[in-house]
There are 2 protein chains.
Amino acid sequence: MARPKEFDRNRALDKAMRIFWRQGYEATSIQNLVDGMGINRQSIYDTFGDKQALFVEALSYYEQLEGAQILQALEQPGSVKAAIRQVFQLVLDKVPEERELGCLMVNSTLELVGLDTKLAAVVTDNLKNSEGLFYRTLVRAQEQGELATDRDLTALARFLASSLRGLRVSSKAVKDLKALQDIVDVTLSVLD
Amino acid sequence: MARPKEFDRNRALDKAMRIFWRQGYEATSIQNLVDGMGINRQSIYDTFGDKQALFVEALSYYEQLEGAQILQALEQPGSVKAAIRQVFQLVLDKVPEERELGCLMVNSTLELVGLDTKLAAVVTDNLKNSEGLFYRTLVRAQEQGELATDRDLTALARFLASSLRGLRVSSKAVKDLKALQDIVDVTLSVLD
DNA sequence: GATGTTTTGGAATTATCGTTCCAGAATTAT
DNA sequence: ATAATTCTGGAACGATAATTCCAAAACATC
């Protein structure tokens, strides 16, 4: 019949995601994507739809990559505090070039909330998730006796989620790794 | 001789700042500024130079407004912990429409670091400042006996600065004021 | 009221934006 | 080979970007 459909779709999406990550949504032109994804302009439109649709998919892909690492860290048996520390440590353990891009989700939140309602819905949904994730983990900590029963888990989960956002902002602008490590250490001391 | 130079320069700059605040740098067009600043396009170029120069000035103006509030909070005599709490509370006490814009400095940091070296210099300079501000305040706390002498003030200052950034991200995406209050309360508990 | 400067509105310019269209080359199954 | 489909490169589209140019209107001083 015909030529085989698609090239390496996922590889192209990965490339696109990294371009959006580095430049943001508005600052990324279709031409940037054509140059960076290694496929033709027409193929981009055929495969991913328009720029907004491609961005949504890139964002989901990023969330999936990042979320998998976080889930793996949180779901490991043993000390919950160590698990939570590992989540924060994930940010520091990135290679510098990646760390200095910050977090695509946080970046996009600040860029798009209030501008694009459709894209805003995607990112705010993610915010809820991260808070819930911390909350369920803290419940486990209390069950294991790692956390006093009188601690306010909702407040703690909100704090951890917000602190992680702060760290991700800081990791984009602060090059000094020791400074970032200080932030993590003090943040985690709240659980003691 | 001639017509009186300038209209209300500061009022125009204030308008421009709020437009950048709401939309970000890239998403703000000169036409947006013409419509919103209430002065002519040509007057914008004559008075402020090009878009980048206007943005830098708007950012400085924002920093000055925000910084004045923070300084006033930190320099008040008495409890340093109360003073620091007040700095965080400033974010929550904003009217919702302003709170949901987040912080122009943080927004701009994530949008422009890595994209525009000149603009990046302005925002990273601000990051250093806020950390130093917290540090000097913590020194005072130690001198007043409000803080144990074995606390690592550098680490604490870094934590506070990063946490404030996180709160400012959260304040843009999280509408629930109680959730934001939880974040502040847990953050400040580190100083106890 | 004349003079000199500024503001104003709009057109002009050059560039780029996102998106679509099209013709030819490539590739697979028949 | 033929036919069907996809990739490719580039042109074309209408819209909008930032910036500049220009002529008319507004205004304070003399």
# chains A, B, ... in the order shown; residues from 1 in each chain; ligands from 1
>>> select_by_dssp(residues="stretch 96-174 of chain A", states="alpha helix (DSSP H)", output="PyMOL selection string")
chain A and resi 96-99+104-112+117-143+153-173
>>> interface_residues(of="chain D", to="chain B", cutoff="8 Å", atoms="only C-alpha atoms (C1' of nucleotides)", output="count of residues only")
7
>>> interface_residues(of="chain A", to="chain B", cutoff="6 Å", atoms="only C-alpha atoms", output="list in words")
Asn107, Leu110, Ala155, Arg158, Phe159, Ser162, Ser163, Arg165, Gly166, Asp182 and Ile183 of chain A
>>> write_last_selection(atoms="C-alpha atoms", output="PDB file, in the first residue's frame")
ATOM      1  CA  ASN A 107       7.592  27.617  34.417  1.00  0.00           C
ATOM      2  CA  LEU A 110       3.651  31.189  35.795  1.00  0.00           C
ATOM      3  CA  ALA A 155      -0.771  21.947  56.050  1.00  0.00           C
ATOM      4  CA  ARG A 158       0.808  22.115  51.168  1.00  0.00           C
ATOM      5  CA  PHE A 159       4.088  23.308  52.593  1.00  0.00           C
ATOM      6  CA  SER A 162       5.043  24.864  47.769  1.00  0.00           C
ATOM      7  CA  SER A 163       8.619  24.390  48.932  1.00  0.00           C
ATOM      8  CA  ARG A 165       8.006  24.796  43.703  1.00  0.00           C
ATOM      9  CA  GLY A 166      10.293  27.303  45.398  1.00  0.00           C
ATOM     10  CA  ASP A 182      20.827  24.282  52.246  1.00  0.00           C
ATOM     11  CA  ILE A 183      17.278  24.949  51.124  1.00  0.00           C
TER      12      ILE A 183
END
>>> interface_residues(of="chain C", to="chain A", cutoff="10 Å", atoms="only C-alpha atoms (C1' of nucleotides)", output="NGL selection string")
:C and (16-20 or 26-30)
>>> residues_around(residues="A:Val122", least_positions_apart="5", cutoff="9 Å", atoms="only C-alpha atoms (C1' of nucleotides)", output="list of chain:residue names")
A:Val56, A:Leu59, A:Ser60, A:Thr109, A:Thr117
>>> atom_distance(atom1="atom CA of A:Arg140", atom2="atom CA of A:Leu71")
14.1 Å
>>> residues_around(residues="B:Tyr61", least_positions_apart="5", cutoff="9 Å", atoms="only C-alpha atoms (C1' of nucleotides)", output="list in words")
Leu13, Asp14, Met17, Val56 and Glu66 of chain B
>>> atom_distance(atom1="atom CA of A:Arg18", atom2="atom CA of A:Glu75")
27.2 Å
>>> residues_around(residues="C:DA11", least_positions_apart="6", cutoff="12 Å", atoms="only C-alpha atoms (C1' of nucleotides)", output="ChimeraX atom specification")
/D:20-23
>>> write_last_selection(atoms="N, CA and C atoms (P, O5', C5', C4', C3', O3' and C1' of nucleotides)", output="short mmCIF file (atom, residue, chain, number, x, y, z; two decimals), in the first residue's frame")
data_model
loop_
_atom_site.label_atom_id
_atom_site.label_comp_id
_atom_site.auth_asym_id
_atom_site.auth_seq_id
_atom_site.Cartn_x
_atom_site.Cartn_y
_atom_site.Cartn_z
P DT D 20 13.29 52.64 16.33
"O5'" DT D 20 12.65 53.28 15.02
"C5'" DT D 20 12.93 52.67 13.77
"C4'" DT D 20 12.23 53.45 12.65
"C3'" DT D 20 12.41 54.97 12.71
"O3'" DT D 20 12.76 55.42 11.42
"C1'" DT D 20 10.11 54.43 12.57
P DC D 21 13.22 56.95 11.22
"O5'" DC D 21 11.99 57.54 10.36
"C5'" DC D 21 11.37 56.70 9.40
"C4'" DC D 21 10.16 57.40 8.79
"C3'" DC D 21 10.24 58.92 8.78
"O3'" DC D 21 9.81 59.40 7.52
"C1'" DC D 21 8.26 58.22 9.87
P DC D 22 10.07 60.93 7.15
"O5'" DC D 22 8.60 61.54 7.22
"C5'" DC D 22 7.50 60.78 6.71
"C4'" DC D 22 6.19 61.46 7.04
"C3'" DC D 22 6.30 62.98 7.22
"O3'" DC D 22 5.24 63.61 6.54
"C1'" DC D 22 5.26 62.04 9.09
P DA D 23 5.43 65.12 6.06
"O5'" DA D 23 3.94 65.67 6.13
"C5'" DA D 23 2.84 64.76 5.98
"C4'" DA D 23 1.73 65.13 6.93
"C3'" DA D 23 1.55 66.64 7.11
"O3'" DA D 23 0.16 66.93 7.20
"C1'" DA D 23 1.92 65.64 9.20
#
>>> residues_around(residues="B:Gly38", least_positions_apart="4", cutoff="10 Å", atoms="only C-alpha atoms (C1' of nucleotides)", output="PDB file with C-alpha atoms, in the first residue's frame")
ATOM      1  CA  ARG B  11       1.483  56.914  36.207  1.00  0.00           C
ATOM      2  CA  ALA B  12       2.280  55.615  32.737  1.00  0.00           C
ATOM      3  CA  LYS B  15       0.285  51.118  34.072  1.00  0.00           C
ATOM      4  CA  ALA B  16       2.989  49.460  31.985  1.00  0.00           C
ATOM      5  CA  LEU B  33       0.951  48.969  26.106  1.00  0.00           C
ATOM      6  CA  VAL B  34      -0.423  51.711  23.870  1.00  0.00           C
ATOM      7  CA  ILE B  44       6.293  55.450  24.717  1.00  0.00           C
TER       8      ILE B  44
END
>>> decode(residues="chain D", atoms="C-alpha atoms (C1' of nucleotides)", output="PDB file, in the first residue's frame")
ATOM      1  C1'  DA D   1       6.031  -1.384 -12.358  1.00  0.00           C
ATOM      2  C1'  DT D   2       1.724   0.563 -10.198  1.00  0.00           C
ATOM      3  C1'  DA D   3      -0.723   2.488  -6.776  1.00  0.00           C
ATOM      4  C1'  DA D   4      -1.208   4.379  -2.310  1.00  0.00           C
ATOM      5  C1'  DT D   5       0.515   6.942   1.175  1.00  0.00           C
ATOM      6  C1'  DT D   6       3.927   9.762   3.711  1.00  0.00           C
ATOM      7  C1'  DC D   7       7.813  12.620   3.930  1.00  0.00           C
ATOM      8  C1'  DT D   8      10.123  16.806   2.348  1.00  0.00           C
ATOM      9  C1'  DG D   9      11.151  21.652   1.088  1.00  0.00           C
ATOM     10  C1'  DG D  10       9.510  25.710   0.034  1.00  0.00           C
ATOM     11  C1'  DA D  11       6.193  28.996  -1.210  1.00  0.00           C
ATOM     12  C1'  DA D  12       2.036  31.413   0.164  1.00  0.00           C
ATOM     13  C1'  DC D  13      -1.213  33.243   3.462  1.00  0.00           C
ATOM     14  C1'  DG D  14      -3.163  36.606   6.572  1.00  0.00           C
ATOM     15  C1'  DA D  15      -2.100  38.385  11.007  1.00  0.00           C
ATOM     16  C1'  DT D  16       0.626  40.633  14.007  1.00  0.00           C
ATOM     17  C1'  DA D  17       5.229  41.896  15.862  1.00  0.00           C
ATOM     18  C1'  DA D  18       8.501  46.055  17.029  1.00  0.00           C
ATOM     19  C1'  DT D  19       9.911  50.151  15.343  1.00  0.00           C
ATOM     20  C1'  DT D  20      10.112  54.435  12.567  1.00  0.00           C
ATOM     21  C1'  DC D  21       8.256  58.218   9.872  1.00  0.00           C
ATOM     22  C1'  DC D  22       5.264  62.042   9.090  1.00  0.00           C
ATOM     23  C1'  DA D  23       1.924  65.644   9.200  1.00  0.00           C
ATOM     24  C1'  DA D  24      -1.541  67.783  11.953  1.00  0.00           C
ATOM     25  C1'  DA D  25      -3.140  69.321  16.417  1.00  0.00           C
ATOM     26  C1'  DA D  26      -2.180  71.131  21.174  1.00  0.00           C
ATOM     27  C1'  DC D  27       0.002  74.109  24.120  1.00  0.00           C
ATOM     28  C1'  DA D  28       3.293  77.149  27.029  1.00  0.00           C
ATOM     29  C1'  DT D  29       6.105  80.932  26.536  1.00  0.00           C
ATOM     30  C1'  DC D  30       7.478  85.214  24.332  1.00  0.00           C
TER      31       DC D  30
END
